[in-house]
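Student: Just dropping this structure here.
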Amino acid sequence: MVYNHGMRLFSRDKPKIKIETSKADGFSGWLKCTHCHEMIHANELADTLNCCPKCGYHYRLSAKERIELLADEGTFSELYADLRSIDALSFQDAESYASRLERAAKKSGESEGVIVGTCQLEGQLIALGVLNFAFMAGSMGSVVGERLTRLIEHALEEKMPLVVVSASGGARMQESILSLMQMAKTSAALAKLHEAGVPFISVLTNPTSGGVTASFASLGDIIIAEPEALICFAGPRVVEQVIGQKLPEGAQRSEFLLKHGMIDRIVKRAEMKKNIAKLLFFMSSSEKEVVC
């Protein structure tokens with residue numbers, strides 16, 4: 001409304017403070033923990049090594065994040081990265097195996113289901129293998145088995161302690177018998193490592209299952225697991241269908257397996273590197289060098 005002499009009485013200009021009439025779509029950073037159902041922020045997970053700050057539940061790490069957690073900064077040197085899977089059986093289900101490999105590589109940014117190499121862990125030189133769950137659920141095909149076997153043989157040749165971190169859905173069905181053969185191959189290589197007295201620590205994370213559990217993952221001189229990790233050959237639903245009854249509460253989880261003697265220790269992620277370093281020092285020392 002304006003008087004004839006031009007003086008403005010009311011203003012219809014927009015306010016200087018912007019008012020949103022509707023909530024913007026998109027990720028706000030808040031998540032609900034699948035374990036305790038509390039709301040947590042993504043920034044909190046980043047600060048706690050991808051563990052829930054409320055209940056401590058351990059979410060998955062990528063293979064590279066796991067390497068960063070264990071290896072001293074700048075010391076990891078990858079080995080056998082040139083080995084690649086091929087579709088030797090021309091396997092085809094809903095999708096060709098070749099197509100699955102291509103899609104897995106694009107999605108994960110990695111060439112296979114395991115990364116192997118050497119590094120220093122608190123100053124100790126070790127051989128390190130980390131299964132990559134983001135690549136076809138860390139399933140063990142011929143290349144995964146070959147990379148691990150070559151790493152074990154390298155550790156044997158150099159008398160270098162071996163650490164393997166597992167996170168896997170088991171054997172890779174698209175390779176059939178070629179995949180199952182990797183169980184025997186990795187186990188035979190580890191037998192030679194054991195005979196030579198070279199330490200091997202196996203770290204089991206959520207989930208570790210199938211042919212991986214049934215071979216190298218269960219053959220460590222010391223077997224460590226993260227809290228509440230699912231560790232099994234067949235999953236609980238499959239087992240219950242076969243035996244026709246409900247499994248005990250917490251069966252196939254780290255705490256249950258520790259109680260029944262399948263694993264030796266449960267270690268929180270934040271304490272993993274220090275624990276492995278202490279164990280390797282103890283295992284690599286002669287009786288005279290160990291101070292009780």
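All residue names refer to the structure tokens as shown: chains lettered A, B, ... in order, residues numbered from 1 in each chain, ligands numbered from 1 in order.
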Give the strand (DSSP E or B) residues of stretch 121-236 of chain A, as DSSP finds them on the backbone, and put them as a PyMOL selection string.

Tutor: chain A and resi 121+124-131+140+162-168+171+200-208+222-225+230-231

Student: Save out the residues we just selected, N, CA and C atoms, as an mmCIF file, in the first residue's frame.

Tutor:
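Output (out_27.cif):
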```cif
data_model
loop_
_atom_site.group_PDB
_atom_site.id
_atom_site.type_symbol
_atom_site.label_atom_id
_atom_site.label_comp_id
_atom_site.auth_asym_id
_atom_site.auth_seq_id
_atom_site.Cartn_x
_atom_site.Cartn_y
_atom_site.Cartn_z
ATOM 1 N N LEU A 121 54.538 -54.003 10.566
ATOM 2 C CA LEU A 121 53.495 -53.851 11.572
ATOM 3 C C LEU A 121 54.193 -53.553 12.895
ATOM 4 N N GLN A 124 57.753 -54.578 12.634
ATOM 5 C CA GLN A 124 58.049 -55.959 12.270
ATOM 6 C C GLN A 124 57.635 -56.216 10.821
ATOM 7 N N LEU A 125 58.547 -56.768 10.035
ATOM 8 C CA LEU A 125 58.250 -57.067 8.642
ATOM 9 C C LEU A 125 57.387 -58.324 8.568
ATOM 10 N N ILE A 126 56.231 -58.221 7.897
ATOM 11 C CA ILE A 126 55.317 -59.357 7.796
ATOM 12 C C ILE A 126 54.794 -59.495 6.370
ATOM 13 N N ALA A 127 54.249 -60.678 6.076
ATOM 14 C CA ALA A 127 53.476 -60.899 4.855
ATOM 15 C C ALA A 127 52.009 -60.754 5.241
ATOM 16 N N LEU A 128 51.268 -59.947 4.490
ATOM 17 C CA LEU A 128 49.885 -59.636 4.852
ATOM 18 C C LEU A 128 48.938 -59.918 3.693
ATOM 19 N N GLY A 129 47.885 -60.673 3.971
ATOM 20 C CA GLY A 129 46.829 -60.915 2.999
ATOM 21 C C GLY A 129 45.502 -60.477 3.579
ATOM 22 N N VAL A 130 44.704 -59.749 2.785
ATOM 23 C CA VAL A 130 43.405 -59.253 3.255
ATOM 24 C C VAL A 130 42.347 -59.578 2.212
ATOM 25 N N LEU A 131 41.364 -60.375 2.576
ATOM 26 C CA LEU A 131 40.273 -60.677 1.658
ATOM 27 C C LEU A 131 39.381 -59.458 1.490
ATOM 28 N N MET A 140 36.456 -67.182 -2.702
ATOM 29 C CA MET A 140 37.763 -67.731 -3.062
ATOM 30 C C MET A 140 37.693 -68.457 -4.394
ATOM 31 N N LEU A 162 53.329 -64.444 8.878
ATOM 32 C CA LEU A 162 52.195 -64.274 7.975
ATOM 33 C C LEU A 162 50.948 -63.895 8.761
ATOM 34 N N VAL A 163 50.224 -62.893 8.265
ATOM 35 C CA VAL A 163 48.936 -62.500 8.826
ATOM 36 C C VAL A 163 47.929 -62.459 7.678
ATOM 37 N N VAL A 164 46.817 -63.176 7.833
ATOM 38 C CA VAL A 164 45.752 -63.153 6.825
ATOM 39 C C VAL A 164 44.453 -62.751 7.504
ATOM 40 N N VAL A 165 43.791 -61.737 6.952
ATOM 41 C CA VAL A 165 42.507 -61.256 7.468
ATOM 42 C C VAL A 165 41.409 -61.740 6.528
ATOM 43 N N SER A 166 40.463 -62.491 7.056
ATOM 44 C CA SER A 166 39.412 -63.085 6.230
ATOM 45 C C SER A 166 38.079 -62.370 6.405
ATOM 46 N N ALA A 167 37.386 -62.198 5.292
ATOM 47 C CA ALA A 167 35.995 -61.738 5.252
ATOM 48 C C ALA A 167 35.449 -62.297 3.944
ATOM 49 N N SER A 168 34.671 -63.372 4.023
ATOM 50 C CA SER A 168 34.358 -64.099 2.793
ATOM 51 C C SER A 168 33.048 -64.860 2.878
ATOM 52 N N ALA A 171 33.677 -70.334 -1.074
ATOM 53 C CA ALA A 171 34.212 -70.661 -2.388
ATOM 54 C C ALA A 171 33.381 -69.990 -3.482
ATOM 55 N N PHE A 200 51.983 -67.929 11.847
ATOM 56 C CA PHE A 200 50.826 -67.542 11.032
ATOM 57 C C PHE A 200 49.680 -67.167 11.956
ATOM 58 N N ILE A 201 49.216 -65.929 11.849
ATOM 59 C CA ILE A 201 48.064 -65.463 12.618
ATOM 60 C C ILE A 201 46.904 -65.256 11.652
ATOM 61 N N SER A 202 45.786 -65.911 11.946
ATOM 62 C CA SER A 202 44.580 -65.783 11.134
ATOM 63 C C SER A 202 43.588 -64.890 11.865
ATOM 64 N N VAL A 203 43.104 -63.871 11.178
ATOM 65 C CA VAL A 203 42.140 -62.931 11.753
ATOM 66 C C VAL A 203 40.809 -63.116 11.040
ATOM 67 N N LEU A 204 39.764 -63.432 11.801
ATOM 68 C CA LEU A 204 38.449 -63.691 11.240
ATOM 69 C C LEU A 204 37.525 -62.505 11.511
ATOM 70 N N THR A 205 36.908 -61.983 10.458
ATOM 71 C CA THR A 205 35.993 -60.860 10.604
ATOM 72 C C THR A 205 34.620 -61.242 10.074
ATOM 73 N N ASN A 206 33.685 -60.369 10.220
ATOM 74 C CA ASN A 206 32.290 -60.644 9.867
ATOM 75 C C ASN A 206 31.996 -60.358 8.401
ATOM 76 N N PRO A 207 31.558 -61.368 7.613
ATOM 77 C CA PRO A 207 31.467 -62.794 7.949
ATOM 78 C C PRO A 207 32.659 -63.556 7.387
ATOM 79 N N THR A 208 32.961 -64.685 7.972
ATOM 80 C CA THR A 208 33.926 -65.626 7.394
ATOM 81 C C THR A 208 33.225 -66.971 7.306
ATOM 82 N N ILE A 222 47.636 -69.000 15.745
ATOM 83 C CA ILE A 222 46.716 -68.298 16.634
ATOM 84 C C ILE A 222 45.585 -67.751 15.771
ATOM 85 N N ILE A 223 44.350 -67.966 16.216
ATOM 86 C CA ILE A 223 43.182 -67.493 15.473
ATOM 87 C C ILE A 223 42.490 -66.410 16.294
ATOM 88 N N ILE A 224 42.429 -65.232 15.726
ATOM 89 C CA ILE A 224 41.803 -64.073 16.364
ATOM 90 C C ILE A 224 40.509 -63.758 15.623
ATOM 91 N N ALA A 225 39.511 -63.290 16.341
ATOM 92 C CA ALA A 225 38.269 -62.851 15.709
ATOM 93 C C ALA A 225 37.844 -61.506 16.259
ATOM 94 N N LEU A 230 30.322 -63.345 12.445
ATOM 95 C CA LEU A 230 29.732 -64.613 12.019
ATOM 96 C C LEU A 230 30.826 -65.462 11.393
ATOM 97 N N ILE A 231 31.086 -66.616 11.986
ATOM 98 C CA ILE A 231 32.140 -67.521 11.527
ATOM 99 C C ILE A 231 31.526 -68.910 11.401
#
```

Student: Give me, as a list in words, all polymer residues having an atom no more than 12 Å from A:Tyr59, counting only C-alpha atoms and skipping those fewer than 5 positions away in the same chain.

Tutor: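 Everything that qualifies: Cys33, Thr34, His35, Ala42, Leu45, Ala46, Thr48, Leu49, Asn50, Cys51, Cys52, Pro53, Arg66, Ala167, Thr205, Asn206, Pro207, Glu226, Pro227, Glu228, Ala229, Leu230, Lys268 and Arg269 of chain A.
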
Student: Can you write just those residues out, N, CA and C atoms, as a compact mmCIF listing (two decimals), in the first residue's frame?

Tutor:
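This went into part_4.txt:
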```txt
# COMPACT_ATOMS: atom_id res chain seq x y z
N CYS A 33 21.93 -47.76 13.77
CA CYS A 33 22.76 -48.95 13.96
C CYS A 33 21.90 -50.19 13.82
N THR A 34 22.34 -51.13 13.01
CA THR A 34 21.58 -52.35 12.78
C THR A 34 21.61 -53.29 14.00
N HIS A 35 22.49 -52.99 14.96
CA HIS A 35 22.63 -53.86 16.12
C HIS A 35 21.88 -53.31 17.34
N ALA A 42 27.55 -40.56 10.49
CA ALA A 42 28.63 -41.15 9.70
C ALA A 42 30.00 -40.65 10.16
N LEU A 45 31.28 -42.82 12.95
CA LEU A 45 31.82 -44.10 12.48
C LEU A 45 33.23 -43.93 11.94
N ALA A 46 33.46 -42.82 11.24
CA ALA A 46 34.79 -42.55 10.69
C ALA A 46 35.82 -42.40 11.81
N THR A 48 35.67 -43.91 14.73
CA THR A 48 35.76 -45.11 15.57
C THR A 48 36.06 -46.36 14.76
N LEU A 49 36.76 -46.20 13.64
CA LEU A 49 37.16 -47.33 12.79
C LEU A 49 35.96 -48.15 12.33
N ASN A 50 34.86 -47.47 12.02
CA ASN A 50 33.64 -48.09 11.53
C ASN A 50 33.00 -49.01 12.56
N CYS A 51 33.12 -48.63 13.83
CA CYS A 51 32.46 -49.35 14.91
C CYS A 51 31.42 -48.42 15.54
N CYS A 52 30.26 -48.95 15.88
CA CYS A 52 29.21 -48.14 16.48
C CYS A 52 29.70 -47.53 17.79
N PRO A 53 29.63 -46.20 17.95
CA PRO A 53 30.10 -45.56 19.19
C PRO A 53 29.18 -45.84 20.38
N ARG A 66 41.50 -51.95 5.88
CA ARG A 66 42.09 -52.94 6.78
C ARG A 66 43.62 -52.88 6.70
N ALA A 167 37.39 -62.20 5.29
CA ALA A 167 35.99 -61.74 5.25
C ALA A 167 35.45 -62.30 3.94
N THR A 205 36.91 -61.98 10.46
CA THR A 205 35.99 -60.86 10.60
C THR A 205 34.62 -61.24 10.07
N ASN A 206 33.69 -60.37 10.22
CA ASN A 206 32.29 -60.64 9.87
C ASN A 206 32.00 -60.36 8.40
N PRO A 207 31.56 -61.37 7.61
CA PRO A 207 31.47 -62.79 7.95
C PRO A 207 32.66 -63.56 7.39
N GLU A 226 37.17 -60.73 15.43
CA GLU A 226 36.56 -59.49 15.91
C GLU A 226 35.28 -59.84 16.66
N PRO A 227 34.82 -58.95 17.55
CA PRO A 227 33.60 -59.23 18.33
C PRO A 227 32.39 -59.48 17.44
N GLU A 228 31.59 -60.47 17.82
CA GLU A 228 30.30 -60.80 17.21
C GLU A 228 30.38 -61.10 15.71
N ALA A 229 31.54 -61.53 15.25
CA ALA A 229 31.69 -61.90 13.83
C ALA A 229 31.00 -63.23 13.58
N LEU A 230 30.32 -63.35 12.44
CA LEU A 230 29.73 -64.61 12.02
C LEU A 230 30.83 -65.46 11.39
N LYS A 268 39.05 -56.35 19.89
CA LYS A 268 38.38 -55.21 19.29
C LYS A 268 39.26 -54.60 18.22
N ARG A 269 38.64 -54.00 17.22
CA ARG A 269 39.36 -53.48 16.06
C ARG A 269 40.42 -52.44 16.46
```

Student: Could you check the closest approach to A:Asn132 for each of A:Val198, A:Leu148, A:Ala63, A:Ala188 and tell me which residue wins, using only C-alpha atoms?

Tutor: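 Of A:Val198, A:Leu148, A:Ala63, A:Ala188, the one nearest A:Asn132, counting only C-alpha atoms, is A:Ala63.
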
Student: One decimal, in Å: what's the spacing between atom CA of A:Glu112 and atom CA of A:Tyr80?

Tutor: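 Computing the Euclidean distance for atom CA of A:Glu112 and atom CA of A:Tyr80 yields 10.8 Å.
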
Student: One decimal, in Å: what's the spacing between atom CA of A:Glu146 and atom CA of A:Arg103?

Tutor: 21.5 Å
